[in-house]
>>> print(open('final-v3.txt').read())   # compact mmCIF, C-alpha atoms
# COMPACT_ATOMS: atom_id res chain seq x y z
CA MET A 557 51.83 -2.83 58.06
CA ASN A 558 51.60 -1.27 61.52
CA GLU A 559 49.79 1.89 60.55
CA MET A 560 48.12 3.43 57.55
CA LYS A 561 50.70 4.64 55.07
CA ASP A 562 51.00 8.34 54.41
CA ILE A 563 50.48 8.40 50.65
CA LYS A 564 51.80 11.91 50.25
CA ALA A 565 55.08 10.94 51.88
CA GLN A 566 55.50 7.92 49.62
CA ARG A 567 55.10 9.79 46.36
CA LYS A 568 58.03 11.08 44.36
CA GLU A 569 56.96 14.67 44.56
CA ALA A 570 56.53 16.77 41.43
CA SER A 571 57.99 20.28 41.50
CA PRO A 572 55.77 23.07 42.87
CA GLU A 573 55.93 24.76 39.46
CA SER A 574 54.65 21.64 37.68
CA ILE A 575 51.86 21.19 40.20
CA ALA A 576 50.86 24.85 39.86
CA ARG A 577 50.69 24.56 36.07
CA LEU A 578 48.64 21.37 36.30
CA ARG A 579 46.21 22.98 38.71
CA ASP A 580 45.85 26.01 36.44
CA ASN A 581 45.21 23.79 33.43
CA PHE A 582 42.61 21.71 35.26
CA ASN A 583 40.93 24.90 36.44
CA ALA A 584 40.82 26.26 32.88
CA HIS A 585 39.40 22.96 31.60
CA CYS A 586 36.73 22.91 34.30
CA SER A 587 35.70 26.48 33.43
CA LEU A 588 35.61 25.67 29.71
CA MET A 589 33.42 22.62 30.25
CA GLY A 590 31.14 24.69 32.49
CA GLN A 591 30.69 27.31 29.79
CA THR A 592 30.06 24.59 27.20
CA LEU A 593 27.44 23.05 29.47
CA GLU A 594 25.70 26.39 29.91
CA ASN A 595 25.64 26.88 26.14
CA SER A 596 24.18 23.42 25.61
CA MET A 597 21.24 23.71 28.00
CA PRO A 598 18.97 26.07 25.97
CA VAL A 599 19.15 23.84 22.89
CA TYR A 600 18.56 20.69 24.96
CA LYS A 601 15.60 22.23 26.82
CA THR A 602 14.11 23.41 23.51
CA SER A 603 14.29 19.87 22.12
CA LEU A 604 12.51 18.52 25.22
CA GLU A 605 9.72 21.09 24.86
CA LEU A 606 9.24 20.33 21.17
CA LEU A 607 9.15 16.57 21.78
CA LYS A 608 6.22 17.09 24.17
CA ASP A 609 4.14 18.17 21.18
CA PRO A 610 2.45 15.08 19.66
CA GLN A 611 3.25 16.43 16.19
CA HIS A 612 6.99 16.29 16.95
CA ALA A 613 7.12 13.33 19.36
CA ASP A 614 8.62 10.99 16.75
CA ASN A 615 10.70 13.54 14.89
CA PRO A 616 14.04 11.81 14.09
CA PHE A 617 16.01 15.04 14.11
CA LEU A 618 14.72 16.04 17.56
CA LEU A 619 15.28 12.54 18.95
CA ASN A 620 18.85 12.61 17.67
CA LEU A 621 19.32 16.09 19.12
CA LYS A 622 18.00 14.97 22.51
CA ILE A 623 20.24 11.92 22.93
CA VAL A 624 23.34 13.68 21.58
CA TYR A 625 22.94 16.51 24.06
CA GLU A 626 22.14 14.12 26.92
CA VAL A 627 25.41 12.30 26.30
CA ALA A 628 27.25 15.60 25.82
CA ILE A 629 25.90 17.17 29.03
CA THR A 630 26.77 14.06 31.04
CA PHE A 631 30.23 14.07 29.48
CA TYR A 632 30.76 17.77 30.32
CA LEU A 633 29.77 17.12 33.94
CA ALA A 634 32.16 14.17 34.11
CA GLU A 635 34.98 16.27 32.64
CA MET A 636 34.37 19.02 35.20
CA ASP A 637 34.27 16.47 37.99
CA ASN A 638 37.54 14.93 36.86
CA ALA A 639 39.28 18.27 36.46
CA ALA A 640 38.04 19.55 39.84
CA ILE A 641 38.96 16.36 41.70
CA PHE A 642 42.37 15.98 40.08
CA ARG A 643 43.20 19.63 40.78
CA ALA A 644 42.15 19.26 44.43
CA ASP A 645 43.58 15.79 45.07
CA PHE A 646 46.88 16.00 43.22
CA THR A 647 48.60 16.70 46.52
CA ARG A 648 46.10 14.79 48.67
CA ARG A 649 44.45 11.40 48.17
CA ALA A 650 43.96 9.61 44.87
CA ASP A 651 40.86 7.62 45.83
CA SER A 652 38.51 10.39 44.71
CA LEU A 653 39.97 10.18 41.22
CA TYR A 654 38.89 6.55 40.96
CA ARG A 655 35.50 7.50 42.32
CA VAL A 656 35.00 10.04 39.55
CA ILE A 657 36.18 7.63 36.84
CA SER A 658 33.73 5.06 38.22
CA GLU A 659 30.81 7.50 38.30
CA ALA A 660 31.55 8.82 34.81
CA THR A 661 31.84 5.33 33.36
CA LYS A 662 28.60 4.25 35.02
CA ALA A 663 26.70 7.37 33.90
CA LEU A 664 27.84 7.15 30.28
CA PHE A 665 28.32 3.44 29.64
CA GLY A 666 26.66 1.61 32.54
CA PHE A 667 27.72 -1.48 34.47
CA GLY A 668 26.23 -4.94 34.08
CA LYS A 669 22.52 -4.82 33.24
CA ASP A 670 22.62 -1.02 33.16
CA THR A 671 24.56 -1.11 29.88
CA ARG A 672 21.35 -1.91 27.99
CA ASN A 673 19.83 1.48 28.87
CA ALA A 674 23.07 3.43 29.15
CA LEU A 675 23.44 6.75 27.34
CA TRP A 676 26.16 5.35 25.10
CA THR A 677 23.96 2.40 24.08
CA ARG A 678 21.09 4.76 23.28
CA LEU A 679 23.41 7.00 21.27
CA THR A 680 24.81 4.15 19.18
CA THR A 681 21.33 2.74 18.49
CA THR A 682 19.64 6.10 17.75
CA VAL A 683 22.25 8.10 15.85
CA ASN A 684 24.14 7.02 12.74
CA LEU A 685 27.74 6.75 13.92
CA SER A 686 29.09 4.91 10.89
CA PRO A 687 31.40 7.84 9.98
CA TYR A 688 33.03 7.31 13.40
CA SER A 689 33.25 3.50 13.37
CA LYS A 690 36.95 3.57 14.28
CA GLU A 691 36.32 5.77 17.33
CA VAL A 692 33.29 3.69 18.36
CA GLN A 693 35.38 0.51 18.31
CA GLU A 694 38.13 2.21 20.33
CA ILE A 695 35.62 3.49 22.88
CA THR A 696 34.03 0.05 23.26
CA ALA A 697 37.41 -1.60 23.81
CA GLY A 698 38.59 1.22 26.08
CA VAL A 699 35.52 1.07 28.31
CA GLU A 700 35.88 -2.70 28.71
CA LYS A 701 39.50 -2.19 29.71
CA ILE A 702 38.52 0.46 32.28
CA LYS A 703 35.90 -1.84 33.79
CA THR A 704 38.28 -4.78 34.14
CA GLU A 705 41.61 -3.09 34.90
CA VAL A 706 40.86 0.26 36.54
CA ILE A 707 37.54 0.09 38.38
CA ASN A 708 36.46 -3.47 39.00
CA ARG A 709 33.53 -4.02 41.39
CA ASP A 710 35.67 -4.11 44.54
CA ALA A 711 37.48 -0.91 43.59
CA ARG A 712 34.17 0.81 42.80
CA ASN A 713 32.76 -0.15 46.19
CA PHE A 714 35.85 1.06 48.00
CA ALA A 715 36.07 4.34 46.11
CA SER A 716 32.37 5.19 45.91
CA HIS A 717 30.74 3.64 48.97
CA TYR A 718 33.63 2.86 51.31
CA ASN A 719 33.75 -0.60 52.80
CA TRP A 720 32.40 -2.06 56.01
CA ASP A 721 35.92 -3.19 56.94
CA ALA A 722 38.02 -0.25 58.18
CA LEU A 723 41.35 -2.05 57.70
CA ALA A 724 40.43 -3.18 54.19
CA THR A 725 39.53 0.43 53.38
CA ALA A 726 42.84 1.64 54.81
CA ASP A 727 44.75 -0.94 52.78
CA PHE A 728 42.92 0.08 49.61
CA PHE A 729 43.67 3.77 50.09
CA SER A 730 47.25 3.04 51.08
CA SER A 731 47.75 1.00 47.91
CA LEU A 732 47.17 4.14 45.84
CA ASP A 733 50.76 5.28 46.34
CA ASP A 734 52.22 4.85 42.87
CA GLU A 735 51.69 7.96 40.77
CA ASP A 736 52.82 6.10 37.66
CA ILE A 737 49.99 3.56 38.07
CA ILE A 738 47.53 6.35 38.85
CA CYS A 739 48.56 8.19 35.68
CA GLN A 740 48.27 4.99 33.62
CA ASP A 741 44.73 4.46 34.91
CA TRP A 742 43.91 8.10 34.30
CA ASN A 743 45.22 7.83 30.74
CA GLN A 744 42.98 4.83 30.06
CA TYR A 745 39.98 6.96 30.95
CA LEU A 746 41.27 9.92 28.93
CA PHE A 747 41.73 7.62 25.92
CA VAL A 748 37.97 6.99 25.95
CA ALA A 749 37.09 10.59 26.84
CA GLU A 750 39.10 12.03 23.94
CA ARG A 751 37.37 9.81 21.39
CA LEU A 752 33.94 10.47 22.84
CA SER A 753 34.69 14.20 22.72
CA PHE A 754 35.74 13.83 19.07
CA ILE A 755 32.40 12.23 18.15
CA LEU A 756 30.26 14.62 20.20
CA THR A 757 31.97 17.74 18.84
CA ARG A 758 31.21 16.74 15.26
CA LEU A 759 27.67 15.56 15.96
CA ILE A 760 26.83 18.82 17.74
CA ALA A 761 28.42 20.90 14.97
CA ASN A 762 26.27 19.11 12.38
CA LEU A 763 23.12 19.53 14.49
CA ASP A 764 23.81 23.22 15.13
CA ALA A 765 24.39 23.82 11.43
CA ALA A 766 21.06 22.14 10.64
CA ILE A 767 19.29 24.29 13.26
CA LYS A 768 20.73 27.53 11.90
CA ASN A 769 19.82 26.61 8.35
CA SER A 770 16.23 25.66 9.16
CA ALA A 771 15.20 27.75 12.20
CA PRO A 772 13.32 31.07 11.75
CA SER A 773 15.39 34.15 12.51
CA SER A 774 13.24 34.99 15.55
CA HIS A 775 13.95 31.58 17.08
CA SER A 776 17.66 31.93 16.32
CA GLU A 777 17.72 35.32 18.02
CA SER A 778 15.98 33.95 21.12
CA VAL A 779 18.54 31.14 21.41
CA ASN A 780 21.41 33.57 20.99
CA HIS A 781 19.94 35.79 23.70
CA ALA A 782 19.66 32.80 26.05
CA LEU A 783 23.33 32.06 25.50
CA SER A 784 24.48 35.62 26.04
CA PHE A 785 24.00 35.76 29.80
CA SER A 786 24.83 33.40 32.61
CA GLY A 787 24.12 34.17 36.24
CA VAL A 788 26.52 31.60 37.61
CA ASP A 789 29.51 33.93 37.60
CA LEU A 790 27.63 36.52 39.64
CA GLN A 791 26.43 33.82 42.04
CA TRP A 792 29.99 32.57 42.45
CA GLN A 793 31.30 36.06 43.21
CA VAL A 794 28.69 36.39 45.98
CA GLU A 795 29.49 32.94 47.37
CA LYS A 796 33.22 33.65 47.48
CA MET A 797 32.54 36.60 49.76
CA LEU A 798 31.27 34.12 52.35
CA LEU A 799 34.55 32.19 52.39
CA LYS A 800 36.26 34.28 55.04
CA PRO A 801 39.91 33.42 55.85
CA GLU A 802 39.04 32.39 59.40
CA PHE A 803 36.39 30.01 58.06
CA VAL A 804 38.80 28.45 55.55
CA ASN A 805 41.51 28.13 58.23
CA ALA A 806 39.05 26.42 60.58
CA ILE A 807 38.19 23.83 57.93
CA GLN A 808 41.86 23.20 57.20
CA SER A 809 42.63 22.80 60.90
CA THR A 810 39.70 20.41 61.36
CA TYR A 811 40.82 18.35 58.38
CA GLU A 812 44.33 17.99 59.83
CA SER A 813 42.82 16.97 63.16
CA THR A 814 40.54 14.34 61.59
CA GLU A 815 43.50 13.01 59.60
CA ARG A 816 45.44 12.49 62.83
CA GLN A 817 42.43 10.83 64.43
CA LEU A 818 42.01 8.61 61.39
CA ASN A 819 45.62 7.41 61.57
CA GLN A 820 45.30 6.79 65.32
CA CYS A 821 42.06 4.87 64.84
CA ILE A 822 43.49 2.67 62.09
CA SER A 823 46.55 2.05 64.23
CA LEU A 824 44.28 0.86 67.06
CA CYS A 825 42.36 -1.37 64.65
CA ARG A 826 45.61 -2.98 63.51
CA LYS A 827 46.81 -3.55 67.07
CA PHE A 828 43.49 -5.08 68.06
CA LYS A 829 43.51 -7.32 64.99
CA ALA A 830 47.02 -8.46 65.93
CA LEU A 831 45.73 -9.23 69.42
CA CYS A 832 42.83 -11.25 68.02
CA ASP A 833 45.15 -13.09 65.62
CA PHE A 834 47.41 -13.94 68.56
CA ALA A 835 44.44 -15.17 70.61
CA GLU A 836 43.21 -17.25 67.70
CA LYS A 837 46.65 -18.76 67.22
CA TYR A 838 46.79 -19.89 70.82
CA ALA A 839 43.04 -20.54 71.18
CA GLU A 840 43.39 -24.09 72.47
CA LYS A 841 46.14 -23.26 74.94
CA TYR A 842 44.40 -20.22 76.47
CA SER A 843 40.78 -21.25 75.75
CA VAL A 844 40.01 -17.97 73.98
CA HIS A 845 37.84 -18.35 70.90
CA ILE A 846 37.17 -15.04 69.15
CA GLU A 847 33.81 -16.07 67.70
CA GLU A 848 32.59 -17.01 71.19
CA ASN A 849 34.02 -14.04 73.09
CA SER A 850 31.38 -11.29 73.16
CA THR A 851 33.74 -8.74 74.72
CA LEU A 852 36.38 -9.09 72.02
CA LEU A 853 33.74 -9.08 69.29
CA SER A 854 32.17 -5.94 70.74
CA TYR A 855 35.49 -4.09 70.83
CA GLN A 856 36.27 -5.27 67.32
CA LYS A 857 32.96 -4.01 65.94
CA ILE A 858 33.21 -0.66 67.75
CA LEU A 859 36.77 -0.03 66.58
CA ASN A 860 35.83 -0.99 63.02
CA ALA A 861 32.83 1.36 63.08
CA ALA A 862 34.99 4.17 64.45
CA GLY A 863 37.50 3.61 61.65
CA ILE A 864 34.86 3.74 58.92
CA LEU A 865 33.33 6.92 60.38
CA ALA A 866 36.80 8.46 60.61
CA PHE A 867 37.35 7.79 56.90
CA MET A 868 34.06 9.36 55.95
CA THR A 869 34.58 12.38 58.20
CA ASN A 870 38.03 12.89 56.73
CA ASP A 871 36.64 12.61 53.20
CA ALA A 872 33.94 15.19 53.92
CA HIS A 873 36.52 17.63 55.29
CA ALA A 874 38.75 17.06 52.24
CA ALA A 875 35.78 17.94 50.01
CA ALA A 876 35.11 21.06 52.11
CA ILE A 877 38.73 22.19 51.71
CA ALA A 878 38.56 21.63 47.96
CA LEU A 879 35.33 23.65 47.89
CA THR A 880 36.96 26.63 49.61
CA ASP A 881 39.88 26.39 47.16
CA SER A 882 37.62 26.42 44.09
CA THR A 883 38.25 29.11 41.49
CA SER A 884 35.02 28.88 39.51
CA PHE A 885 31.32 28.24 39.99
CA TRP A 886 31.34 24.83 38.32
CA GLU A 887 34.41 23.63 40.16
CA SER A 888 32.71 24.50 43.44
CA ARG A 889 29.62 22.53 42.36
CA MET A 890 31.66 19.42 41.74
CA HIS A 891 33.03 19.61 45.29
CA LEU A 892 29.59 20.32 46.73
CA LYS A 893 28.42 17.13 45.05
CA ARG A 894 31.38 15.28 46.54
CA LEU A 895 30.50 16.67 49.98
CA ASP A 896 26.89 15.58 49.53
CA VAL A 897 27.95 12.05 48.54
CA ALA A 898 30.26 11.80 51.55
CA ALA A 899 27.47 12.96 53.89
CA TYR A 900 24.95 10.51 52.42
CA GLU A 901 27.34 7.56 52.58
CA ALA A 902 28.25 8.43 56.17
CA LEU A 903 24.62 8.58 57.26
CA ASP A 904 23.88 5.38 55.36
CA LYS A 905 26.60 3.64 57.35
CA ILE A 906 25.15 5.07 60.59
CA VAL A 907 21.44 4.49 59.98
CA GLY A 908 21.09 2.19 56.97
CA PHE A 909 18.74 3.60 54.32
CA THR A 910 18.29 0.38 52.36
CA GLU A 911 17.43 -3.18 53.24
CA ASP A 912 21.00 -4.18 52.36
CA SER A 913 22.68 -1.53 54.50
CA LYS A 914 20.41 -1.66 57.57
CA PRO A 915 21.82 -4.95 58.95
CA GLU A 916 25.35 -3.54 58.64
CA SER A 917 24.59 -0.07 60.00
CA LEU A 918 26.11 1.38 63.14
CA PHE A 919 22.67 1.58 64.79
CA HIS A 920 22.05 -2.09 64.15
CA MET A 921 25.49 -3.01 65.42
CA LEU A 922 25.09 -1.00 68.64
CA GLY A 923 21.63 -2.47 69.12
CA SER A 924 23.02 -5.99 68.81
CA LEU A 925 25.57 -5.14 71.49
CA GLY A 926 22.84 -3.79 73.77
CA ILE A 927 24.45 -0.36 74.19
CA GLU A 928 22.42 1.82 71.80
CA GLY A 929 20.31 3.35 74.53
CA LYS A 930 23.14 3.66 77.03
CA ILE A 931 25.23 6.24 75.17
CA GLY A 932 22.55 8.75 74.22
CA ILE A 933 22.40 8.18 70.46
CA PRO A 934 19.68 10.34 68.86
CA ASP A 935 16.58 8.72 67.42
CA LYS A 936 17.04 7.32 63.90
CA ARG A 937 14.50 9.81 62.59
CA VAL A 938 16.91 12.63 63.46
CA TRP A 939 19.62 11.13 61.25
CA THR A 940 17.18 10.38 58.43
CA SER A 941 15.92 13.96 58.44
CA LEU A 942 19.47 15.20 57.97
CA VAL A 943 19.67 13.51 54.57
CA ARG A 944 16.35 14.96 53.49
CA THR A 945 17.69 18.43 54.19
>>> encode(input="final-v3.txt", output="structure tokens")
Amino acid sequence: MNEMKDIKAQRKEASPESIARLRDNFNAHCSLMGQTLENSMPVYKTSLELLKDPQHADNPFLLNLKIVYEVAITFYLAEMDNAAIFRADFTRRADSLYRVISEATKALFGFGKDTRNALWTRLTTTVNLSPYSKEVQEITAGVEKIKTEVINRDARNFASHYNWDALATADFFSSLDDEDIICQDWNQYLFVAERLSFILTRLIANLDAAIKNSAPSSHSESVNHALSFSGVDLQWQVEKMLLKPEFVNAIQSTYESTERQLNQCISLCRKFKALCDFAEKYAEKYSVHIEENSTLLSYQKILNAAGILAFMTNDAHAAAIALTDSTSFWESRMHLKRLDVAAYEALDKIVGFTEDSKPESLFHMLGSLGIEGKIGIPDKRVWTSLVRT
């Protein structure tokens, strides 16, 4: 592999009509989930307020209401994220799709030790789900299959946090070139999502019926009033006015430029790796040992860092393009979140916010090479403050 594959070129392209219909359907689904989320919040917030009262703190009905709506709200957010990402990335990269599946699975079902306190675990231990035993068994089996076949630990790290090895990252992204495999993985997630939706819909319907039958009319009217108005549509109309054509064109142009730079950088990384492999092969003959050659190691580290930063910059620009192409408030929020994640991960690679990431950070690497102060890199506090803003 001499250069990073162009995934779009490798795909057997769907027709423009089919893509347009898919994008419209994902947009409609994202809008529907957004409206459902908005309708859920007043009831959920009311349950939280009531549970603060010592007289209601152990009320079984309110506790059931709270956990059901917590799972439902998380599920709605995951559905919006999936719809927004798939709509944006259908003709771009597929790695974001795996990122969303990973985040949704972690948020709802947890990984490793997190499964003990995961929302799904709390739901199954708090609410009587015996009428849905078939769906519960299918969800349990489906989630295990997702964790082992779709988003194992390595795939999660690549998709969610990038990887410290630029070539390994390139190979991972380049491997996502089979739309049939992508659709199979997507269907495994949808298998679980459909059954979770089935359970949540019926649980919420039962809870809502109980509320209407027991709540005073004044309370019912106040809830209905809260559901009758949402300011998000107005906010979105104002925000869209800021997306001037010249601004959108500038983002698109920058994305195309960073994509070219990314391919060039990965190409250089591959050539340098080939050079190092050659030197290693003939180490005895030419007395060149990579692990002892500070110059080669320095170039290798710098090229690798440049490749990782190029990936993250490209990802951030892809999120910005998707944001400008959004057709609803909630779709735009999913892409803003994606942009925020890309920015955080990029700065974490540069500065190192945790004890685990500091030794691998770009600052640490440049410091070990003795060139941090020679190229005018801003103080670390400058980068840290960017995340806080």
>>> atom_distance(input="final-v3.txt", atom1="atom CA of A:Asn805", atom2="atom CA of A:His585")
27.2 Å
>>> closest_residue(input="final-v3.txt", among="A:Lys701, A:Lys914, A:Arg894, A:Arg889", to="A:Leu653", atoms="only C-alpha atoms")
A:Arg894
>>> closest_residue(input="final-v3.txt", among="A:Ser753, A:Ser884, A:Asn595, A:Ser809", to="A:Ala634", atoms="all atoms listed in the file")
A:Ser753
>>> closest_residue(input="final-v3.txt", among="A:Leu664, A:Leu859, A:Ile864, A:Val897", to="A:Arg678", atoms="all atoms listed in the file")
A:Leu664
>>> closest_residue(input="final-v3.txt", among="A:Leu892, A:Phe885, A:Thr910, A:Tyr625", to="A:Gln791", atoms="all atoms listed in the file")
A:Phe885
>>> residues_around(input="final-v3.txt", residues="A:Leu752", least_positions_apart="6", cutoff="9 Å", atoms="all atoms listed in the file", output="mmCIF file with C-alpha atoms, in the coordinates of the input")
data_model
loop_
_atom_site.group_PDB
_atom_site.id
_atom_site.type_symbol
_atom_site.label_atom_id
_atom_site.label_comp_id
_atom_site.auth_asym_id
_atom_site.auth_seq_id
_atom_site.Cartn_x
_atom_site.Cartn_y
_atom_site.Cartn_z
ATOM 1 C CA ALA A 628 27.250 15.600 25.820
ATOM 2 C CA PHE A 631 30.230 14.070 29.480
ATOM 3 C CA GLU A 691 36.320 5.770 17.330
ATOM 4 C CA VAL A 692 33.290 3.690 18.360
ATOM 5 C CA ILE A 695 35.620 3.490 22.880
#
>>> closest_residue(input="final-v3.txt", among="A:Ala722, A:Ile760, A:Ala697, A:Leu675", to="A:Thr592", atoms="all atoms listed in the file")
A:Ile760
>>> atom_distance(input="final-v3.txt", atom1="atom CA of A:Met597", atom2="atom CA of A:Met636")
15.7 Å
>>> closest_atom_pairs(input="final-v3.txt", of="stretch 618-727 of chain A", to="stretch 608-613 of chain A", cutoff="12 Å", atoms="all atoms listed in the file", output="Markdown table")
| residue | atom | partner | partner_atom | distance |
| --- | --- | --- | --- | --- |
| A:Leu618 | CA | A:His612 | CA | 7.8 |
| A:Leu619 | CA | A:Ala613 | CA | 8.2 |
| A:Asn620 | CA | A:Ala613 | CA | 11.9 |
| A:Lys622 | CA | A:Ala613 | CA | 11.4 |
>>> residues_around(input="final-v3.txt", residues="A:Gly698", least_positions_apart="6", cutoff="12 Å", atoms="all atoms listed in the file", output="NGL selection string")
:A and (661 or 665 or 691-692 or 704-706 or 741-752)
>>> closest_residue(input="final-v3.txt", among="A:Phe642, A:Leu879, A:Ile807, A:Ile755", to="A:Ile738", atoms="all atoms listed in the file")
A:Phe642
>>> atom_distance(input="final-v3.txt", atom1="atom CA of A:Leu685", atom2="atom CA of A:Ser658")
25.1 Å
>>> residues_around(input="final-v3.txt", residues="A:Asn583", least_positions_apart="6", cutoff="8 Å", atoms="only C-alpha atoms", output="list in words")
Ala639, Ala640, Arg643, Thr883, Ser884 and Glu887 of chain A
